[in-house]
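Printed here is work28.tsv (TSV, C-alpha atoms):
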```
chain	number	residue	atom	x	y	z
J	1	MET	CA	-14.85	-11.04	-1.87
J	2	MET	CA	-13.55	-7.68	-0.60
J	3	ARG	CA	-9.91	-6.78	-1.19
J	4	THR	CA	-7.56	-6.44	1.79
J	5	ALA	CA	-4.33	-4.60	2.63
J	6	ARG	CA	-2.06	-4.06	5.63
J	7	PHE	CA	-0.10	-1.08	6.93
J	8	ASP	CA	2.60	-2.52	9.18
J	9	ILE	CA	4.12	0.30	11.22
J	10	ASP	CA	7.88	-0.06	11.60
J	11	GLN	CA	8.87	1.24	15.04
J	12	SER	CA	12.54	1.41	13.97
J	13	LEU	CA	11.62	3.98	11.27
J	14	SER	CA	9.05	5.91	13.33
J	15	ARG	CA	9.90	8.82	15.60
J	16	GLU	CA	8.93	12.46	16.23
J	17	ASP	CA	9.05	13.34	12.51
J	18	GLY	CA	6.60	10.67	11.40
J	19	THR	CA	5.14	7.19	11.61
J	20	PHE	CA	6.39	5.00	8.78
J	21	GLY	CA	5.87	1.45	7.64
J	22	LEU	CA	5.10	-0.94	4.80
J	23	TYR	CA	1.76	-1.10	2.98
J	24	THR	CA	1.04	-4.48	1.34
J	25	SER	CA	-2.13	-5.41	-0.59
J	26	ASP	CA	-3.57	-8.88	-1.12
J	27	SER	CA	-2.24	-8.79	-4.71
J	28	GLY	CA	1.32	-8.44	-3.41
J	29	PHE	CA	1.64	-4.73	-4.27
J	30	LYS	CA	3.95	-2.99	-1.77
J	31	THR	CA	4.87	0.61	-1.02
J	32	MET	CA	6.13	2.54	1.98
J	33	MET	CA	3.64	4.71	3.82
J	34	GLY	CA	3.93	7.64	6.21
J	35	ALA	CA	1.58	9.30	8.69
J	36	ARG	CA	1.73	11.91	11.43
J	37	PRO	CA	3.81	10.88	14.47
J	38	GLN	CA	2.04	8.46	16.80
J	39	GLY	CA	2.35	10.90	19.70
J	40	ALA	CA	0.87	13.86	17.77
J	41	ALA	CA	-1.51	15.74	20.06
J	42	ILE	CA	-3.62	16.99	17.14
J	43	HIS	CA	-4.52	14.84	14.13
J	44	PRO	CA	-2.58	11.68	15.07
J	45	PRO	CA	-2.35	8.81	12.57
J	46	PRO	CA	-5.23	6.34	12.32
J	47	PRO	CA	-5.24	3.86	15.21
J	48	ALA	CA	-4.41	0.16	14.95
J	49	GLY	CA	-7.36	-1.89	13.81
J	50	THR	CA	-9.14	-2.89	10.62
J	51	TRP	CA	-10.94	-0.18	8.68
J	52	LEU	CA	-13.13	-0.07	5.57
J	53	VAL	CA	-11.52	2.09	2.86
J	54	LYS	CA	-13.59	3.36	-0.06
J	55	VAL	CA	-13.46	5.96	-2.81
J	56	VAL	CA	-15.04	9.33	-1.98
J	57	GLN	CA	-15.18	12.81	-3.50
J	58	SER	CA	-12.67	15.04	-1.70
J	59	PRO	CA	-13.33	18.77	-1.96
J	60	GLU	CA	-9.73	19.69	-1.06
J	61	TRP	CA	-8.11	17.38	-3.63
J	62	TYR	CA	-10.82	18.20	-6.18
J	63	ALA	CA	-9.78	21.84	-5.93
J	64	ARG	CA	-6.19	20.81	-6.61
J	65	GLY	CA	-7.31	18.82	-9.65
J	66	SER	CA	-6.15	15.39	-8.54
J	67	ASN	CA	-6.72	12.47	-10.85
J	68	PHE	CA	-4.98	9.25	-9.94
J	69	GLY	CA	-7.09	6.91	-12.03
J	70	LEU	CA	-10.22	7.20	-9.87
J	71	GLY	CA	-11.60	10.36	-11.46
J	72	ARG	CA	-11.11	14.03	-10.73
J	73	GLY	CA	-11.09	14.70	-6.99
J	74	MET	CA	-11.75	11.08	-6.01
J	75	VAL	CA	-9.60	9.59	-3.23
J	76	TYR	CA	-9.53	6.57	-0.94
J	77	GLU	CA	-10.79	7.38	2.57
J	78	LEU	CA	-10.84	5.30	5.77
J	79	GLN	CA	-14.35	4.87	7.15
J	80	GLY	CA	-15.75	4.53	10.66
J	81	LEU	CA	-12.84	5.77	12.76
J	82	PRO	CA	-14.23	6.88	16.13
J	83	GLY	CA	-14.03	10.66	16.50
J	84	ARG	CA	-12.21	11.08	13.18
J	85	SER	CA	-13.20	11.87	9.61
J	86	HIS	CA	-11.57	12.61	6.25
J	87	ILE	CA	-8.61	10.24	6.83
J	88	GLN	CA	-7.52	9.83	3.22
J	89	ILE	CA	-4.75	8.16	1.22
J	90	HIS	CA	-3.20	10.91	-0.89
J	91	PRO	CA	0.18	12.24	-2.09
J	92	GLY	CA	2.53	14.15	0.18
J	93	ASN	CA	6.07	13.89	1.44
J	94	TRP	CA	6.40	15.22	5.00
J	95	MET	CA	4.52	14.55	8.24
J	96	VAL	CA	5.64	17.73	10.05
J	97	PRO	CA	4.84	21.39	9.20
J	98	ILE	CA	6.63	22.82	6.16
J	99	HIS	CA	6.70	26.21	4.42
J	100	THR	CA	7.09	26.58	0.65
J	101	ALA	CA	7.22	29.51	-1.77
J	102	THR	CA	3.55	28.96	-2.68
J	103	GLU	CA	2.13	28.00	0.75
J	104	ALA	CA	2.49	29.33	4.30
J	105	GLU	CA	3.43	26.88	7.05
J	106	HIS	CA	1.14	23.87	6.76
J	107	TYR	CA	0.90	20.11	7.19
J	108	GLN	CA	0.68	17.89	4.12
J	109	THR	CA	-1.20	15.40	6.33
J	110	LEU	CA	-3.66	15.92	9.15
J	111	GLY	CA	-3.78	12.23	10.04
J	112	CYS	CA	-4.02	10.99	6.44
J	113	LEU	CA	-1.76	8.29	4.97
J	114	LEU	CA	0.93	9.25	2.44
J	115	PRO	CA	2.30	6.44	0.22
J	116	GLY	CA	5.82	6.72	-1.18
J	117	ALA	CA	8.60	4.71	-2.78
J	118	GLN	CA	10.87	4.87	0.28
J	119	VAL	CA	11.51	6.67	3.54
J	120	ALA	CA	14.36	9.15	3.06
J	121	THR	CA	15.69	12.53	4.09
J	122	ILE	CA	14.36	15.01	1.52
J	123	GLU	CA	14.96	18.74	1.11
J	124	VAL	CA	11.84	20.87	1.51
J	125	PRO	CA	11.61	23.43	-1.33
J	126	ALA	CA	12.66	27.04	-0.65
J	127	PRO	CA	12.19	29.08	1.37
J	128	ASP	CA	12.00	26.32	4.02
J	129	GLY	CA	15.03	24.39	2.73
J	130	ARG	CA	15.23	22.00	5.70
J	131	MET	CA	16.27	18.38	5.23
J	132	LEU	CA	13.39	16.31	6.69
J	133	ARG	CA	12.50	12.63	6.69
J	134	GLY	CA	9.50	11.77	4.57
J	135	VAL	CA	8.39	9.53	1.72
J	136	THR	CA	9.71	9.89	-1.84
J	137	SER	CA	7.87	9.62	-5.18
J	138	SER	CA	4.50	9.95	-3.47
J	139	GLN	CA	2.42	10.82	-6.54
J	140	ALA	CA	3.69	7.73	-8.40
J	141	ALA	CA	3.12	5.54	-5.33
J	142	VAL	CA	-0.46	6.82	-4.92
J	143	LYS	CA	-1.16	6.23	-8.60
J	144	ALA	CA	0.19	2.66	-8.34
J	145	LEU	CA	-1.79	1.94	-5.14
J	146	TYR	CA	-5.00	3.26	-6.70
J	147	ALA	CA	-4.37	1.22	-9.87
J	148	ASP	CA	-3.79	-1.90	-7.77
J	149	MET	CA	-7.09	-1.44	-5.90
J	150	ARG	CA	-8.96	-0.42	-9.12
J	151	GLY	CA	-11.38	1.85	-7.23
J	152	GLU	CA	-12.76	-1.11	-5.26
J	153	PRO	CA	-13.41	-0.77	-1.53
J	154	PHE	CA	-11.02	-2.71	0.69
J	155	MET	CA	-10.30	-3.52	4.31
J	156	LEU	CA	-7.08	-1.99	5.68
J	157	THR	CA	-5.49	-3.47	8.79
J	158	ILE	CA	-3.13	-1.10	10.62
J	159	ARG	CA	-0.77	-2.78	13.05
```
I need this file expressed as structure tokens, please.
Amino acid sequence: MMRTARFDIDQSLSREDGTFGLYTSDSGFKTMMGARPQGAAIHPPPPAGTWLVKVVQSPEWYARGSNFGLGRGMVYELQGLPGRSHIQIHPGNWMVPIHTATEAEHYQTLGCLLPGAQVATIEVPAPDGRMLRGVTSSQAAVKALYADMRGEPFMLTIR
């Protein structure tokens, strides 16, 4: 039987700086999750519905050398979203554009889902330095989510 999980969007946490909610798997594993704001004109978060999620090779994360227990460059990716592709579950903290010492202004998510320990106001590294809402401890949360799902495909319900 295929594994299942839910991403329950919390409207009280969600606003112009991100869509946030609770991710819960059928094993009882829980973590917070963030995505681009629901009203984002470009690259909005995945829509409500139930989506197949499976492990794929991601060229972007492969180049960064990710390994969260699935193998180098392997990530979970939502499948079959109409008009969308490459919607992945990967580490990141902020849903709005940031600028760091090593990267020009960029988004850490273009519609992907970013797990984290909690939703909090976090300082963006210099030179940006702004205090922005995002998810904390994202790399640890991704590693725990991937370990919970053990590389198996699963059905994710977003509501």
| said: Residues near Glu16 in chain J, anyone? I mean within 12 Å using only C-alpha atoms, not counting same-chain ones fewer than 5 positions away, as a VMD selection string. | reply: chain J and resid 11 35 to 41 44 94 to 96 132 to 134
With only C-alpha atoms as the counted atoms, please give the residues lying no more than 9 Å from range 105-114 of chain J, apart from itself and same-chain residues fewer than 5 positions off, as a tab-separated table (two decimals) with C-alpha atoms, keeping the file's coordinate frame.
```
chain	number	residue	atom	x	y	z
J	32	MET	CA	6.13	2.54	1.98
J	33	MET	CA	3.64	4.71	3.82
J	34	GLY	CA	3.93	7.64	6.21
J	35	ALA	CA	1.58	9.30	8.69
J	36	ARG	CA	1.73	11.91	11.43
J	37	PRO	CA	3.81	10.88	14.47
J	42	ILE	CA	-3.62	16.99	17.14
J	43	HIS	CA	-4.52	14.84	14.13
J	44	PRO	CA	-2.58	11.68	15.07
J	45	PRO	CA	-2.35	8.81	12.57
J	46	PRO	CA	-5.23	6.34	12.32
J	77	GLU	CA	-10.79	7.38	2.57
J	78	LEU	CA	-10.84	5.30	5.77
J	86	HIS	CA	-11.57	12.61	6.25
J	87	ILE	CA	-8.61	10.24	6.83
J	88	GLN	CA	-7.52	9.83	3.22
J	89	ILE	CA	-4.75	8.16	1.22
J	90	HIS	CA	-3.20	10.91	-0.89
J	91	PRO	CA	0.18	12.24	-2.09
J	92	GLY	CA	2.53	14.15	0.18
J	93	ASN	CA	6.07	13.89	1.44
J	94	TRP	CA	6.40	15.22	5.00
J	95	MET	CA	4.52	14.55	8.24
J	96	VAL	CA	5.64	17.73	10.05
J	97	PRO	CA	4.84	21.39	9.20
J	98	ILE	CA	6.63	22.82	6.16
J	99	HIS	CA	6.70	26.21	4.42
J	100	THR	CA	7.09	26.58	0.65
J	135	VAL	CA	8.39	9.53	1.72
J	138	SER	CA	4.50	9.95	-3.47
J	141	ALA	CA	3.12	5.54	-5.33
J	142	VAL	CA	-0.46	6.82	-4.92
```
| note | Between CA of Thr136 in chain J and CA of Leu70 in chain J lies a distance of 21.7 Å
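For the pair CA of Thr31 in chain J and CA of Val75 in chain J, the separation is 17.2 Å.
From CA of Ala101 in chain J back to CA of Pro59 in chain J, the distance works out to 23.2 Å.
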Adding 4 Å on each side of the box along x, y and z that holds all listed atoms of range 144-151 of chain J, could you give its centre and edge lengths in Å to one decimal, as lines of an AutoDock Vina configuration file?
```
center_x = -5.6
center_y = 0.7
center_z = -7.5
size_x = 19.6
size_y = 13.2
size_z = 12.7
```
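Distances to Thr121 in chain J were evaluated for J:Leu52, J:Arg159, J:Phe29, J:Asp17 using all atoms listed in the file, and the minimum falls at J:Asp17.
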| remark: For Pro47 in chain J, the closest of J:Glu123, J:Thr157, J:Met74, J:Gly28 counting only C-alpha atoms is J:Thr157
Take range 39-50 of chain J, model all heavy atoms, and hand the result over as a compact mmCIF listing (two decimals), keeping the file's coordinate frame.
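Output below, filename part_25.txt:
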```
# COMPACT_ATOMS: atom_id res chain seq x y z
N GLY J 39 2.61 10.08 18.52
CA GLY J 39 2.35 10.90 19.70
C GLY J 39 1.76 12.27 19.40
O GLY J 39 1.62 13.09 20.30
N ALA J 40 1.39 12.54 18.14
CA ALA J 40 0.87 13.86 17.77
C ALA J 40 -0.38 14.18 18.57
O ALA J 40 -1.32 13.40 18.62
CB ALA J 40 0.57 13.91 16.28
N ALA J 41 -0.38 15.34 19.23
CA ALA J 41 -1.51 15.74 20.06
C ALA J 41 -2.74 16.05 19.22
O ALA J 41 -3.86 15.78 19.62
CB ALA J 41 -1.12 16.94 20.92
N ILE J 42 -2.52 16.64 18.04
CA ILE J 42 -3.62 16.99 17.14
C ILE J 42 -3.44 16.20 15.85
O ILE J 42 -2.35 16.12 15.31
CB ILE J 42 -3.61 18.50 16.83
CG1 ILE J 42 -3.77 19.29 18.14
CG2 ILE J 42 -4.71 18.87 15.86
CD1 ILE J 42 -3.60 20.78 17.98
N HIS J 43 -4.52 15.61 15.38
CA HIS J 43 -4.52 14.84 14.13
C HIS J 43 -3.49 13.71 14.12
O HIS J 43 -2.65 13.64 13.22
CB HIS J 43 -4.29 15.75 12.92
CG HIS J 43 -5.22 16.91 12.84
ND1 HIS J 43 -6.57 16.78 12.68
CD2 HIS J 43 -4.99 18.24 12.91
CE1 HIS J 43 -7.14 17.97 12.65
NE2 HIS J 43 -6.20 18.88 12.79
N PRO J 44 -3.52 12.80 15.10
CA PRO J 44 -2.58 11.68 15.07
C PRO J 44 -2.92 10.73 13.92
O PRO J 44 -3.98 10.87 13.30
CB PRO J 44 -2.80 11.01 16.43
CG PRO J 44 -4.22 11.35 16.78
CD PRO J 44 -4.45 12.73 16.22
N PRO J 45 -2.05 9.77 13.64
CA PRO J 45 -2.35 8.81 12.57
C PRO J 45 -3.53 7.93 12.95
O PRO J 45 -3.90 7.86 14.14
CB PRO J 45 -1.06 7.98 12.47
CG PRO J 45 -0.47 8.06 13.83
CD PRO J 45 -0.81 9.44 14.34
N PRO J 46 -4.13 7.25 11.98
CA PRO J 46 -5.23 6.34 12.32
C PRO J 46 -4.76 5.28 13.30
O PRO J 46 -3.62 4.83 13.25
CB PRO J 46 -5.60 5.71 10.97
CG PRO J 46 -5.00 6.58 9.94
CD PRO J 46 -3.83 7.26 10.57
N PRO J 47 -5.63 4.86 14.22
CA PRO J 47 -5.24 3.86 15.21
C PRO J 47 -5.14 2.46 14.62
O PRO J 47 -5.68 2.18 13.54
CB PRO J 47 -6.36 3.92 16.24
CG PRO J 47 -7.55 4.39 15.47
CD PRO J 47 -7.01 5.32 14.42
N ALA J 48 -4.46 1.58 15.35
CA ALA J 48 -4.41 0.16 14.95
C ALA J 48 -5.82 -0.38 14.90
O ALA J 48 -6.69 0.04 15.66
CB ALA J 48 -3.55 -0.62 15.94
N GLY J 49 -6.04 -1.29 13.98
CA GLY J 49 -7.36 -1.89 13.81
C GLY J 49 -7.59 -2.19 12.35
O GLY J 49 -6.68 -2.04 11.51
N THR J 50 -8.79 -2.60 12.01
CA THR J 50 -9.14 -2.89 10.62
C THR J 50 -10.26 -1.95 10.22
O THR J 50 -11.29 -1.86 10.91
CB THR J 50 -9.57 -4.36 10.45
OG1 THR J 50 -8.47 -5.20 10.83
CG2 THR J 50 -9.94 -4.66 9.01
```
